[in-house]
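Heads up, the thing below is written out as structure tokens.
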There are 2 protein chains.
Amino acid sequence: MKKVGLKDIAEHVGVSIALVSYVLNGQAEIKQVSKENAEKIKKAAELLNYRPNQIAKSLKMHKTHTIGLVVADINYRYSTGITRAIEAEAKKKNYTVLFGSSNENEETFAELVDALINRQVDGLILVPVENSQDQIRMLQKAEIPFVLIDRNFPEIKTNHIALDNYKAAYTATEYLIKQGHKRIAFVNYKTTLFHLQERNRGYLDALKNNRIEFNAAWLKEVNSSNRTADIQRSIDEILGLDDPCDAVFFATDTLSINGLKYLNQLKTNIPGQISVLSFDESEAFELFYCPVTHLRQPVEAMGKAAVDTLLELINHNKISKQISLMSDLVTGRSCRE
Amino acid sequence: MKKVGLKDIAEHVGVSIALVSYVLNGQAEIKQVSKENAEKIKKAAELLNYRPNQIAKSLKMHKTHTIGLVVADINYRYSTGITRAIEAEAKKKNYTVLFGSSNENEETFAELVDALINRQVDGLILVPVENSQDQIRMLQKAEIPFVLIDRNFPEIKTNHIALDNYKAAYTATEYLIKQGHKRIAFVNYKTTLFHLQERNRGYLDALKNNRIEFNAAWLKEVNSSNRTADIQRSIDEILGLDDPCDAVFFATDTLSINGLKYLNQLKTNIPGQISVLSFDESEAFELFYCPVTHLRQPVEAMGKAAVDTLLELINHNKISKQISLMSDLVTGRSCRE
DNA sequence: TTAATTGCTTTAATCGTTTAAAGTAATAAC
DNA sequence: GTTATTACTTTAAACGATTAAAGCAATTAA
């Protein structure tokens, strides 16, 4: 079955292609197409099962009604949540989402961004990876509409939407302190990513402002390429201190899932021996024998904000938005009361 | 910064557009372009930062080098796994993946398929939802290359790639029997989806062939729109029998996660009181106090097979493939030994 | 010397749309 | 009866690429 185009409808009805185009684009009224022809054209389109060729339309209109989304890793809970939220919002606005996962790899990230641009997406929503600054600057120079989400680079002025990571970490740490913990460990990735560093800062400031003297052995930085081993060593260390830690705060869901697995292996009693708190969410947290207290990110709001901001940019409004959102502390039973 | 096209390069160098196109498509040799011009053209393309407009190319070539993927629900573990696998394989073959999630909704499914076709994807990989038969038949009539994955309709002859669900359920049930279980419950969704019904059949046949008399109270069918309550009632019932079940086999990860949550709430001892086995995988399974024994689907192989089959369809037409894959039983500690 | 060949380049049609501009026939105005 | 207006419809040029086919020198062959 060969593809039917405007031409086929035009021939079938016996009018010109233009007329068909007008009618099918709802311009029948303003182009004063006769009711008779309008009717015939609609019928024929239906009959022949016409489907507009978006490619041709895009070429002519210089608009694809598509936005590109690059997440850091599709296996993250955050990624599926944000993808769903962005898709839902985009659909409402009649946009399609083209999607890719960089797997935290700088080159894959660049390739994806390139591929999306070549496909003429109208704009991009990006979760940038470490060292992708040049790529971001390139987008700015090329004047391609984009918004960063989840992460941003403080040295580059961009439109971005992210959690207030400092405040989230601060609040959570303070929560642990209020629960009576005195020796709180913080396990984070070793990274230059600003949003994760902000979590360190929040943790440290909360300790300081609550007059808890920080012990350098409490802050653990895990190398993502050696995650499992590093986490195990970190946990061994914080539990093996002369004054062992009585709480551990994980900076991401991936860290805590790994960590919990090891704590299980050690048959550690949570929260009896040590309290656990984590950033992000995971279905595993609910299923854990003591549901894990965690900081839930407002992915729906983020997704909506990202799409809305991007569409403003696409529609030529020179806007500058840096949106900061708050996380919810979802209390489980993994923290001593 | 305005977009640079072949024309800009041609003007910059002082040659025709055709020459530029030949050089940039690696046809310099066979079109016998002079080394001098070829060199100049390449330099100019670099200098002007030329990016081919894939939209224009697609229009001309009637090929977008894009495949559309519709998963059932991006929140399923299966979906992220298969998406990743398909993306990786597609990338190897130089295809891009356009992606959507139907959320198990028939209309959303139809809309997504439509949108992808309008975008002129070269073919589709689909996880069809309940009652999407008409949509599938429409694709066949329109001769659009597609392959079904995970699920299929026995009444429609299609190319599809899926687990051997019967055998998987059979093997797992038999495993439980071999471990000495006598009263094995099976919790599935109430559905017309063939692949889930096959799981019922495998469960039932395993009982029969092992001379265990089936008790109708063991087979529970959960309504997905009332999942949590239905699961809880099911579990109450199988535990409340005169002869309570000593094992429960969940037909999907979503069912077992919900079920385990409730079993936790009841403070049931797994596997002491009841053994648990599940289809699919989940990070929650690993983190559960007794890692959950489960049937892992070979998503990488499936993704590869799906892409390979689809590309064959796209390129050479007329093949017929029904690929059946085997699952692995990953043994945790949730089954009595 | 003329014709054929080789080496390289340009012309122009095409893909399926959109849309300004021009065309046409019927009716209304003067 | 001529001109203007109205009510439609068609023509044709884009959009940015690909690629047969044609064009044009310079070289070789007859």
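How things are named: the first chain in the structure tokens is A, the next is B, and so on; residues count from 1 in each chain; ligands count from 1 in the order shown.
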
Can you pull out the residues contacting Met61 (chain B)? Cut-off 12 Å, using only C-alpha atoms (C1' of nucleotides), and skip same-chain residues under 3 positions away; I want them as a PyMOL selection string.
(chain A and resi 55-56) or (chain B and resi 54-58+64-65+120+122) or (chain C and resi 14-15) or (chain D and resi 17-19)

May I have the residues of chain B within 9 Å of chain A, counting only C-alpha atoms, written as a CSV table (one decimal) with C-alpha atoms, in the first residue's frame?
```csv
chain,number,residue,atom,x,y,z
B,1,MET,CA,23.4,32.4,14.2
B,2,LYS,CA,21.6,31.2,11.1
B,3,LYS,CA,21.7,27.6,10.0
B,51,ARG,CA,25.2,20.1,10.2
B,52,PRO,CA,23.2,18.2,7.7
B,53,ASN,CA,19.5,18.8,8.0
B,54,GLN,CA,18.2,15.3,8.5
B,55,ILE,CA,14.7,16.4,7.9
B,56,ALA,CA,15.5,17.4,4.4
B,58,SER,CA,14.7,12.1,5.2
B,59,LEU,CA,12.2,13.7,2.9
B,64,THR,CA,14.5,8.5,8.5
B,74,ILE,CA,8.2,3.3,31.6
B,75,ASN,CA,8.1,2.6,35.3
B,77,ARG,CA,11.8,-2.5,35.3
B,80,THR,CA,14.0,0.5,31.1
B,81,GLY,CA,16.0,-2.7,30.5
B,83,THR,CA,14.8,0.4,26.1
B,84,ARG,CA,18.4,0.5,27.0
B,87,GLU,CA,18.9,1.9,22.1
B,96,THR,CA,17.9,6.5,16.4
B,97,VAL,CA,15.1,5.4,18.7
B,98,LEU,CA,12.0,7.5,19.2
B,99,PHE,CA,10.3,6.4,22.3
B,100,GLY,CA,7.0,6.5,24.0
B,101,SER,CA,5.2,4.9,27.0
B,114,ASP,CA,0.1,7.2,15.0
B,115,ALA,CA,2.5,10.0,16.0
B,117,ILE,CA,4.2,6.8,11.9
B,118,ASN,CA,3.5,10.5,11.0
B,119,ARG,CA,7.1,11.1,11.9
B,120,GLN,CA,8.0,8.6,9.3
B,141,LYS,CA,-2.6,-3.6,6.3
B,142,ALA,CA,-0.5,-0.5,5.9
B,143,GLU,CA,2.5,-2.7,5.5
B,257,ILE,CA,6.6,-5.8,45.1
B,258,ASN,CA,3.1,-5.0,46.2
B,260,LEU,CA,6.0,-8.3,49.5
B,261,LYS,CA,5.1,-5.0,51.0
B,264,ASN,CA,6.1,-7.4,55.4
B,282,SER,CA,13.9,-5.5,40.5
B,283,GLU,CA,16.5,-3.8,42.6
B,284,ALA,CA,14.1,-4.2,45.4
B,285,PHE,CA,14.5,-8.0,45.2
B,286,GLU,CA,18.1,-7.8,46.0
B,287,LEU,CA,17.6,-5.5,48.9
B,288,PHE,CA,14.8,-7.5,50.5
B,289,TYR,CA,15.9,-9.2,53.7
```

Hey, what's within 12 Å of DT11 (chain D) if we count only C-alpha atoms (C1' of nucleotides) and toss same-chain stuff fewer than 3 positions away? As a list of chain:residue names, please?
A:Ser16, A:Ile17, A:Ala18, A:Leu19, C:DT19, C:DA20, C:DA21, C:DA22, C:DG23

What does the file look like for those residues with N, CA, C and O atoms (P, O5', C5', C4', C3', O3' and C1' of nucleotides), as an mmCIF file, in the first residue's frame?
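Result went into part_26.cif, see below:
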```cif
data_model
loop_
_atom_site.group_PDB
_atom_site.id
_atom_site.type_symbol
_atom_site.label_atom_id
_atom_site.label_comp_id
_atom_site.auth_asym_id
_atom_site.auth_seq_id
_atom_site.Cartn_x
_atom_site.Cartn_y
_atom_site.Cartn_z
ATOM 1 N N SER A 16 -7.197 21.378 -6.486
ATOM 2 C CA SER A 16 -5.752 21.543 -6.386
ATOM 3 C C SER A 16 -5.256 21.135 -4.997
ATOM 4 O O SER A 16 -6.025 21.042 -4.045
ATOM 5 N N ILE A 17 -3.943 20.907 -4.934
ATOM 6 C CA ILE A 17 -3.314 20.507 -3.683
ATOM 7 C C ILE A 17 -3.515 21.581 -2.614
ATOM 8 O O ILE A 17 -3.750 21.277 -1.448
ATOM 9 N N ALA A 18 -3.445 22.820 -3.038
ATOM 10 C CA ALA A 18 -3.559 23.916 -2.075
ATOM 11 C C ALA A 18 -4.865 23.845 -1.312
ATOM 12 O O ALA A 18 -4.896 23.970 -0.085
ATOM 13 N N LEU A 19 -5.903 23.611 -2.040
ATOM 14 C CA LEU A 19 -7.216 23.572 -1.418
ATOM 15 C C LEU A 19 -7.269 22.481 -0.346
ATOM 16 O O LEU A 19 -7.787 22.678 0.755
ATOM 17 P P DT C 19 1.526 27.967 6.246
ATOM 18 O "O5'" DT C 19 1.486 28.978 5.010
ATOM 19 C "C5'" DT C 19 2.703 29.500 4.487
ATOM 20 C "C4'" DT C 19 2.405 30.292 3.238
ATOM 21 C "C3'" DT C 19 1.103 31.096 3.273
ATOM 22 O "O3'" DT C 19 1.360 32.360 2.695
ATOM 23 C "C1'" DT C 19 1.150 29.793 1.364
ATOM 24 P P DA C 20 0.818 33.677 3.455
ATOM 25 O "O5'" DA C 20 1.393 34.865 2.589
ATOM 26 C "C5'" DA C 20 2.749 35.000 2.237
ATOM 27 C "C4'" DA C 20 2.915 35.180 0.742
ATOM 28 C "C3'" DA C 20 2.128 36.341 0.128
ATOM 29 O "O3'" DA C 20 2.991 37.028 -0.780
ATOM 30 C "C1'" DA C 20 1.585 34.333 -1.007
ATOM 31 P P DA C 21 2.584 38.421 -1.383
ATOM 32 O "O5'" DA C 21 2.087 38.004 -2.843
ATOM 33 C "C5'" DA C 21 2.937 37.177 -3.645
ATOM 34 C "C4'" DA C 21 2.151 36.715 -4.847
ATOM 35 C "C3'" DA C 21 1.255 37.795 -5.464
ATOM 36 O "O3'" DA C 21 1.613 37.924 -6.828
ATOM 37 C "C1'" DA C 21 0.069 35.763 -5.191
ATOM 38 P P DA C 22 0.907 38.977 -7.803
ATOM 39 O "O5'" DA C 22 0.171 38.057 -8.875
ATOM 40 C "C5'" DA C 22 0.824 36.863 -9.337
ATOM 41 C "C4'" DA C 22 -0.223 35.969 -9.952
ATOM 42 C "C3'" DA C 22 -1.193 36.699 -10.892
ATOM 43 O "O3'" DA C 22 -1.305 35.937 -12.075
ATOM 44 C "C1'" DA C 22 -2.403 35.469 -9.281
ATOM 45 P P DG C 23 -2.185 36.409 -13.279
ATOM 46 O "O5'" DG C 23 -3.423 35.423 -13.166
ATOM 47 C "C5'" DG C 23 -3.213 34.017 -13.277
ATOM 48 C "C4'" DG C 23 -4.552 33.333 -13.114
ATOM 49 C "C3'" DG C 23 -5.641 33.866 -14.035
ATOM 50 O "O3'" DG C 23 -6.203 32.775 -14.739
ATOM 51 C "C1'" DG C 23 -6.415 33.780 -11.796
#
```

Taking a cut-off of 8 Å and counting only C-alpha atoms (C1' of nucleotides), can you build a table that, for each residue of chain C near chain A, reports the nearest atom pair and how far apart they are in Å (one decimal), sorted by chain then residue number, as JSON lines?
```
{"residue": "C:DC15", "atom": "C1'", "partner": "A:Ala56", "partner_atom": "CA", "distance": 8.0}
{"residue": "C:DG16", "atom": "C1'", "partner": "A:Ala56", "partner_atom": "CA", "distance": 5.1}
{"residue": "C:DT17", "atom": "C1'", "partner": "A:Lys57", "partner_atom": "CA", "distance": 5.0}
{"residue": "C:DT18", "atom": "C1'", "partner": "A:Lys60", "partner_atom": "CA", "distance": 6.6}
```

Residues just named, written with N, CA and C atoms (P, O5', C5', C4', C3', O3' and C1' of nucleotides) as a PDB file, in the first residue's frame:
```pdb
ATOM      1  P    DC C  15       8.481  13.076  -6.651  1.00  0.00           P
ATOM      2  O5'  DC C  15       8.668  12.954  -5.068  1.00  0.00           O
ATOM      3  C5'  DC C  15       9.573  12.030  -4.469  1.00  0.00           C
ATOM      4  C4'  DC C  15       9.859  12.477  -3.054  1.00  0.00           C
ATOM      5  C3'  DC C  15       8.628  13.070  -2.375  1.00  0.00           C
ATOM      6  O3'  DC C  15       7.953  12.046  -1.656  1.00  0.00           O
ATOM      7  C1'  DC C  15      10.627  14.375  -1.976  1.00  0.00           C
ATOM      8  P    DG C  16       6.371  11.889  -1.858  1.00  0.00           P
ATOM      9  O5'  DG C  16       5.796  12.993  -0.877  1.00  0.00           O
ATOM     10  C5'  DG C  16       5.979  12.839   0.525  1.00  0.00           C
ATOM     11  C4'  DG C  16       5.497  14.092   1.211  1.00  0.00           C
ATOM     12  C3'  DG C  16       4.032  14.449   0.939  1.00  0.00           C
ATOM     13  O3'  DG C  16       3.479  14.838   2.173  1.00  0.00           O
ATOM     14  C1'  DG C  16       5.400  16.274   0.402  1.00  0.00           C
ATOM     15  P    DT C  17       1.960  15.093   2.403  1.00  0.00           P
ATOM     16  O5'  DT C  17       2.052  16.344   3.385  1.00  0.00           O
ATOM     17  C5'  DT C  17       1.658  17.612   2.905  1.00  0.00           C
ATOM     18  C4'  DT C  17       2.637  18.633   3.421  1.00  0.00           C
ATOM     19  C3'  DT C  17       2.009  19.999   3.511  1.00  0.00           C
ATOM     20  O3'  DT C  17       1.647  20.227   4.857  1.00  0.00           O
ATOM     21  C1'  DT C  17       4.099  20.074   2.327  1.00  0.00           C
ATOM     22  P    DT C  18       0.592  21.370   5.139  1.00  0.00           P
ATOM     23  O5'  DT C  18       1.389  22.706   4.741  1.00  0.00           O
ATOM     24  C5'  DT C  18       2.415  23.191   5.600  1.00  0.00           C
ATOM     25  C4'  DT C  18       2.880  24.530   5.087  1.00  0.00           C
ATOM     26  C3'  DT C  18       1.810  25.634   5.127  1.00  0.00           C
ATOM     27  O3'  DT C  18       2.413  26.772   5.722  1.00  0.00           O
ATOM     28  C1'  DT C  18       2.731  25.459   2.956  1.00  0.00           C
TER      29       DT C  18
END
```

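Ranking B:Ala229, B:Ala217, B:Ile274, B:Ile136 by their shortest atom-to-atom distance to Arg336 (chain B), with only C-alpha atoms included, puts B:Ile274 first.
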